[in-house]
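See below for the structure under consideration.
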Amino acid sequence: MAAEAHKLAIFRGLLKFKSNQQKIWGVLIFLSIITTIEVALGIIKPEFLMGSFMQMKILNWIFIILTIVKAYYIAWDFMHIRDEKSGLKNAIVLPLVILLPYLALILLIEADYIFEVMNSGFVAWNF
Amino acid sequence: MGVTASSTTEENLDWGGGNQPLKASYGKLMMWFFIVSDALTFTGFLVSYGFSRFKNINSWPIADEVFTHFPFLHGIDAPMYYVALMTFVLIFSSVTMVLAVDAGHHMQKSKVTFYMLLTVIGGAIFVGSQAWEWKNFIKGEYGALETRGGKILQFLDAKTLERVSIQEFAIGIETERTTQKLSNGIWFQDEIELPSLSLAEVKKGFIEDSNLLIRTQKLDKNGEKTILSREESLLKLNNTVAVVEGANLIHNEYGNRLFADFFFFITGFHGFHVLSGVVINIIIFFNVILGTYERRGHYEMVEKVGLYWHFVDLVWVFVFTFFYLV
């Protein structure tokens with residue numbers, strides 16, 4: 001693959017880089033900022049993010065969303081998915097995007113159910 | 001061929017062989033296949049971790065209290081700083097890998113060599129850090145007691161509400177027995193290393209020091225562990241069966257034992273990926289030095305290994321979130 005085949009814009013064209021190397025450093029800075037935000041939030045744990053949304057803390061939702069953002073940029077820019085043909089791109093990404101949330105969803109719902117059964121049943125677990 | 005209309009033959013050019021519809025070589029496609037299947041494996045692990053966690057949602061250990069060490073900072077509570085550092089190391093070694101791939105596209109042998117070396121070093125630092133993290137986790141810090149139901153009881157100072165190590169308050173009693181070793185047995189049998197303190201010693205120390213409280217692994221509404229009153233604590237002490245120091249696959253002083261099992265399994269599996277990644281990177285590094293890819297005319301091998309390396313980084317991003325942050 002020649003160097004000029006790289007797509008050099010990130011953030012939907014908001015930020016354009018002159019060369020592939022510059023783009024790599026740019027993405028590194030972006031990933032570092034996100035990681036720093038994550039760690040800072042994890043240490044401070046701001047009170048206003050402790051509320052619950054869909055049975056999970058808002059803070060945890062933020063962590064998961066930031067993680068997915070990071071994963072996107074690692075895959076798209078470091079693993080060059082951005083430069084691949086759409087056929088290959090879809091063959092890689094679609095199975096994962098469809099299967100992973102599905103598996104997580106059904107297992108977490110099931111786990112929540114088991115928790116309720118153990119919590120409200122007549123059997124003592126804490127002795 | 002002659003029978004079909006000429007228009008269809010033009011549409012079917014991709015299937016005539018000899019070209020690459022996905023514009024990717026065989027090796028690269030196979031690497032992607034492997035990565036997709038490996039991603040599913042890691043998902044299986046992480047989702048089963050989530051399953052166990054949601055199942056024990058009101059008694060799961062709090063990661064901030066488990067991973068509090070930082071090299072050369074003894075006794076200082078530094079939650080997360082070290083894993084954050086590890087994350088940065090891995091992201092940075094990912095970056096040097098992309099730079100190596102990029103230099104490979106331009107056939108710059110010396111640059112590829114340099115960046116591959118940095119990548120190997122970054123990976124080695126990461127594996128070393130993980131080993132250190134494991135060491136701290138296995139060794140434990142405060143020690144705890146385990147009840148008949150397999151629950152963990154930890155000890156607090158009643159005034160400051162800070163953790164107290166069982167080593168500090170246990171009162172020595174004539175020890176009844178020592179660890180049975182392979183060397184001194186009548187039959188060739190040994191046992192798991194006994195804790196440094198016996199249950200009776202910890203119990204005695206707790207009863208005599210009225211300034212101690214017990215904390216259970218059950219979480220209250222604010223997500224903090226429940227602290228028992230002195231009377232409840234003394235009552236709870238009757239249910240204990242064992243002293244636990246540190247963590248292994250059977251006992252875990254930090255709380256739910258599944259936490260330790262998943263920690264060892266998932267970070268271990270990831271660490272093994274990093275280790276094999278480092279080994280493969282070293283092989284590629286020497287191949288670059290020997291000029292194998294220079295003669296071959298392209299550095300695609302670096303790119304393929306790079307894909308694997310980035311994938312390892314990608315998995316760590318998720319492990320980091322689900323073990324340390326959430």
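Each chain in the structure tokens gets a letter, A, B and so on, in the order shown; residues start at 1 in every chain, and ligands are counted from 1 in the order they appear.
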For chain A, report every residue with an atom at most 8 Å from chain B (counting only C-alpha atoms), formatted as a tab-separated table (two decimals) with C-alpha atoms, in the first residue's frame.
```
chain	number	residue	atom	x	y	z
A	1	MET	CA	0.00	0.00	0.00
A	2	ALA	CA	1.48	3.31	-0.97
A	3	ALA	CA	1.72	6.16	1.50
A	20	ASN	CA	0.53	9.65	8.03
A	21	GLN	CA	3.15	10.11	10.73
A	24	ILE	CA	-0.29	8.83	14.24
A	25	TRP	CA	1.01	11.39	16.73
A	28	LEU	CA	-1.74	9.29	20.24
A	32	SER	CA	-3.77	10.01	25.89
A	35	THR	CA	-7.09	7.95	29.13
A	38	GLU	CA	-10.77	8.31	32.49
A	39	VAL	CA	-8.14	8.06	35.20
A	42	GLY	CA	-11.85	7.27	38.33
A	43	ILE	CA	-9.86	8.93	41.09
A	59	LEU	CA	-19.85	7.41	35.56
A	60	ASN	CA	-19.63	3.80	34.40
A	63	PHE	CA	-16.14	4.97	31.06
A	64	ILE	CA	-17.64	2.47	28.63
A	67	THR	CA	-13.46	2.99	25.96
A	70	LYS	CA	-10.58	4.65	22.16
A	71	ALA	CA	-11.15	1.24	20.58
A	74	ILE	CA	-7.01	2.22	17.69
A	75	ALA	CA	-8.77	0.05	15.11
A	78	PHE	CA	-3.49	2.15	14.12
A	79	MET	CA	-4.89	-0.96	12.49
A	84	GLU	CA	-9.36	-0.82	3.92
A	85	LYS	CA	-12.02	-1.55	1.31
A	87	GLY	CA	-15.97	-5.16	2.12
A	88	LEU	CA	-13.08	-6.04	4.39
A	92	ILE	CA	-14.27	-7.47	10.36
A	96	LEU	CA	-18.14	-8.03	16.34
A	100	LEU	CA	-20.53	-8.63	21.30
A	103	LEU	CA	-23.77	-11.58	24.20
A	104	ALA	CA	-23.12	-8.95	26.86
A	107	LEU	CA	-25.68	-12.56	29.97
A	108	LEU	CA	-25.96	-9.42	32.06
A	110	GLU	CA	-29.49	-13.25	33.18
A	111	ALA	CA	-26.96	-12.36	35.89
A	112	ASP	CA	-29.24	-9.64	37.19
A	113	TYR	CA	-32.07	-12.14	37.40
A	114	ILE	CA	-29.89	-14.62	39.33
A	115	PHE	CA	-28.89	-11.83	41.69
A	125	TRP	CA	-25.88	-16.84	51.56
A	126	ASN	CA	-24.20	-14.64	54.07
A	127	PHE	CA	-23.08	-16.67	57.07
```
Spatial neighbours of B:Gln108, 12 Å, only C-alpha atoms, chain gap at least 3 places, as a ChimeraX atom specification: /B:99-105,111-115,288-289,291,293-294,297-299
Go ahead and write the residues just picked, C-alpha atoms, as a compact mmCIF listing (two decimals), in the first residue's frame.
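Full text of selection-v2.txt as output:
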```txt
# COMPACT_ATOMS: atom_id res chain seq x y z
CA LEU B 99 5.56 4.25 12.99
CA ALA B 100 7.52 1.09 12.15
CA VAL B 101 4.80 0.02 9.72
CA ASP B 102 4.80 3.47 8.18
CA ALA B 103 8.59 3.47 7.83
CA GLY B 104 8.26 0.02 6.26
CA HIS B 105 5.99 1.43 3.58
CA LYS B 111 13.83 3.53 11.00
CA VAL B 112 11.90 0.25 11.06
CA THR B 113 14.67 -1.29 13.16
CA PHE B 114 14.61 1.57 15.64
CA TYR B 115 10.85 1.64 16.05
CA VAL B 288 14.54 -6.52 9.71
CA ILE B 289 18.18 -6.24 10.80
CA GLY B 291 17.47 -7.45 5.69
CA TYR B 293 12.20 -7.77 4.11
CA GLU B 294 14.56 -5.52 2.21
CA GLY B 297 10.88 -5.91 -1.47
CA HIS B 298 8.17 -5.08 1.04
CA TYR B 299 7.69 -4.85 4.81
```
What's the separation between atom CA of B:Glu201 and atom CA of B:Gly255, in Å to one decimal place?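 Distance reported for this atom pair: 21.4 Å.
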List the neighbours of A:Ala9 out to 12 Å using only C-alpha atoms; skip same-chain residues closer than 2 positions along the sequence, and give me the result as a list in words.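 Final neighbour list, sorted by chain and number: His6, Lys7, Phe11, Arg12, Gly13, Leu14, Leu15, Lys16, Phe17, Lys18, Ser19, Asn20, Gln22, Lys23, Ile24, Gly26, Val27, Tyr73, Trp76, Asp77, Arg82 and Asp83 of chain A.
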Taking the chain letters and numbering used in this document, name the residues of stretch 163-253 of chain B that DSSP puts in strand (DSSP E), as an MDAnalysis selection string. chainID B and resid 212:219 225:227 240:244
My list of candidates is B:Ser229, B:Thr179, B:Ala63, B:Lys28. Which is closest to B:Glu191 when distances are computed with only C-alpha atoms?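 Between B:Ser229, B:Thr179, B:Ala63, B:Lys28, the residue approaching B:Glu191 most closely is B:Thr179.
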